[in-house]
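Note sheet for the following structure.
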Amino acid sequence: MDVLEQLVSAVERNAVATEKMLAIAEQEQIIMQEPGPPVCPHCGKLDPVVTELPGEAGGSGKLSDFVVRCETHCCNRVVFAIPNGWDTAVSQELAEDILKIKKGGNPGE
């Protein structure tokens, strides 16, 4: 192998390594994102209406590890929602009141 072939081989290996590093950096950037508003990652609709789909894990596990698998009504695509905090309640009524308060309403209405 002459010097030119060695140089070409080194440049090609460097290009492959650079592409791999960029892919890793992009993936890490996605993982490290701060949570934001509920937006469809496919079409960008803010707070889309969704239908929860059955999970593959049978719906059991730690609350902190739950991922909500749902289909959007805006573009009919599957979305995986990762809650970044929880409000918990002892009853459906209390849970609905918490949601009302968060939306600026009055509980019990």
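Ligands are numbered from 1 in the order shown, residues from 1 within each chain, and chains are lettered A, B, ... in the order they appear in the structure tokens.
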For this session: Using DSSP on the backbone, list every residue of chain A that comes out as strand (DSSP E), and give them as a PyMOL selection string.
Result: chain A and resi 50-52+68-72+78-81
Glu71 (chain A): which residues within 12 Å, counting only C-alpha atoms, same-chain residues fewer than 2 positions away excluded, as a tab-separated table (two decimals) with N, CA and C atoms, in the first residue's frame?
```tsv
chain	number	residue	atom	x	y	z
A	40	CYS	N	-46.81	17.39	19.89
A	40	CYS	CA	-46.66	16.19	19.05
A	40	CYS	C	-45.28	16.26	18.38
A	41	PRO	N	-44.42	15.26	18.58
A	41	PRO	CA	-43.09	15.29	17.98
A	41	PRO	C	-43.10	15.08	16.47
A	42	HIS	N	-44.25	14.67	15.93
A	42	HIS	CA	-44.34	14.42	14.49
A	42	HIS	C	-44.79	15.66	13.71
A	48	PRO	N	-51.87	17.94	21.81
A	48	PRO	CA	-52.81	17.21	20.96
A	48	PRO	C	-53.70	16.25	21.76
A	49	VAL	N	-54.85	15.96	21.21
A	49	VAL	CA	-55.73	14.94	21.77
A	49	VAL	C	-55.11	13.59	21.42
A	50	VAL	N	-55.07	12.69	22.41
A	50	VAL	CA	-54.45	11.38	22.19
A	50	VAL	C	-55.35	10.27	22.73
A	51	THR	N	-55.09	9.07	22.26
A	51	THR	CA	-55.72	7.87	22.80
A	51	THR	C	-54.60	6.99	23.33
A	52	GLU	N	-54.71	6.61	24.60
A	52	GLU	CA	-53.69	5.75	25.19
A	52	GLU	C	-53.76	4.37	24.55
A	53	LEU	N	-52.60	3.83	24.21
A	53	LEU	CA	-52.50	2.50	23.62
A	53	LEU	C	-51.96	1.54	24.66
A	54	PRO	N	-52.29	0.26	24.55
A	54	PRO	CA	-51.75	-0.69	25.52
A	54	PRO	C	-50.23	-0.74	25.45
A	55	GLY	N	-49.61	-0.85	26.61
A	55	GLY	CA	-48.15	-0.91	26.66
A	55	GLY	C	-47.64	-2.31	26.47
A	68	VAL	N	-45.95	6.68	28.66
A	68	VAL	CA	-47.31	6.56	28.14
A	68	VAL	C	-47.24	6.44	26.62
A	69	ARG	N	-47.73	5.32	26.12
A	69	ARG	CA	-47.74	5.07	24.67
A	69	ARG	C	-49.13	5.46	24.17
A	73	HIS	N	-54.45	12.26	17.67
A	73	HIS	CA	-55.58	12.45	16.77
A	73	HIS	C	-55.24	13.45	15.67
A	74	CYS	N	-54.18	14.25	15.89
A	74	CYS	CA	-53.81	15.27	14.91
A	74	CYS	C	-53.16	14.66	13.66
A	75	CYS	N	-52.32	13.65	13.85
A	75	CYS	CA	-51.66	13.05	12.69
A	75	CYS	C	-51.67	11.52	12.74
A	76	ASN	N	-52.41	10.96	13.71
A	76	ASN	CA	-52.60	9.51	13.82
A	76	ASN	C	-51.28	8.74	13.85
A	77	ARG	N	-50.35	9.24	14.64
A	77	ARG	CA	-49.06	8.56	14.79
A	77	ARG	C	-48.82	8.26	16.25
A	78	VAL	N	-47.99	7.26	16.51
A	78	VAL	CA	-47.70	6.84	17.88
A	78	VAL	C	-46.68	7.79	18.51
A	79	VAL	N	-46.96	8.16	19.75
A	79	VAL	CA	-46.09	9.05	20.53
A	79	VAL	C	-45.82	8.36	21.87
A	80	PHE	N	-44.62	8.53	22.38
A	80	PHE	CA	-44.26	8.00	23.69
A	80	PHE	C	-44.03	9.19	24.61
A	81	ALA	N	-44.93	9.38	25.57
A	81	ALA	CA	-44.86	10.51	26.48
A	81	ALA	C	-44.14	10.07	27.76
```
Exercise. Can you list, as a ChimeraX atom specification, every residue of chain A that DSSP puts in helix (DSSP H, G or I)?
Worked result: /A:3-31,63-65,92-102
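The two atoms in question, CA of Leu46 (chain A) and CA of Leu99 (chain A), are spaced 17.4 Å apart.
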For this session: In Å, rounded to a single decimal, give me how far CA of Asn14 (chain A) is from CA of Glu26 (chain A).
Result: 18.2 Å
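Between CA of Gly61 (chain A) and CA of Pro38 (chain A) the separation is 23.2 Å.
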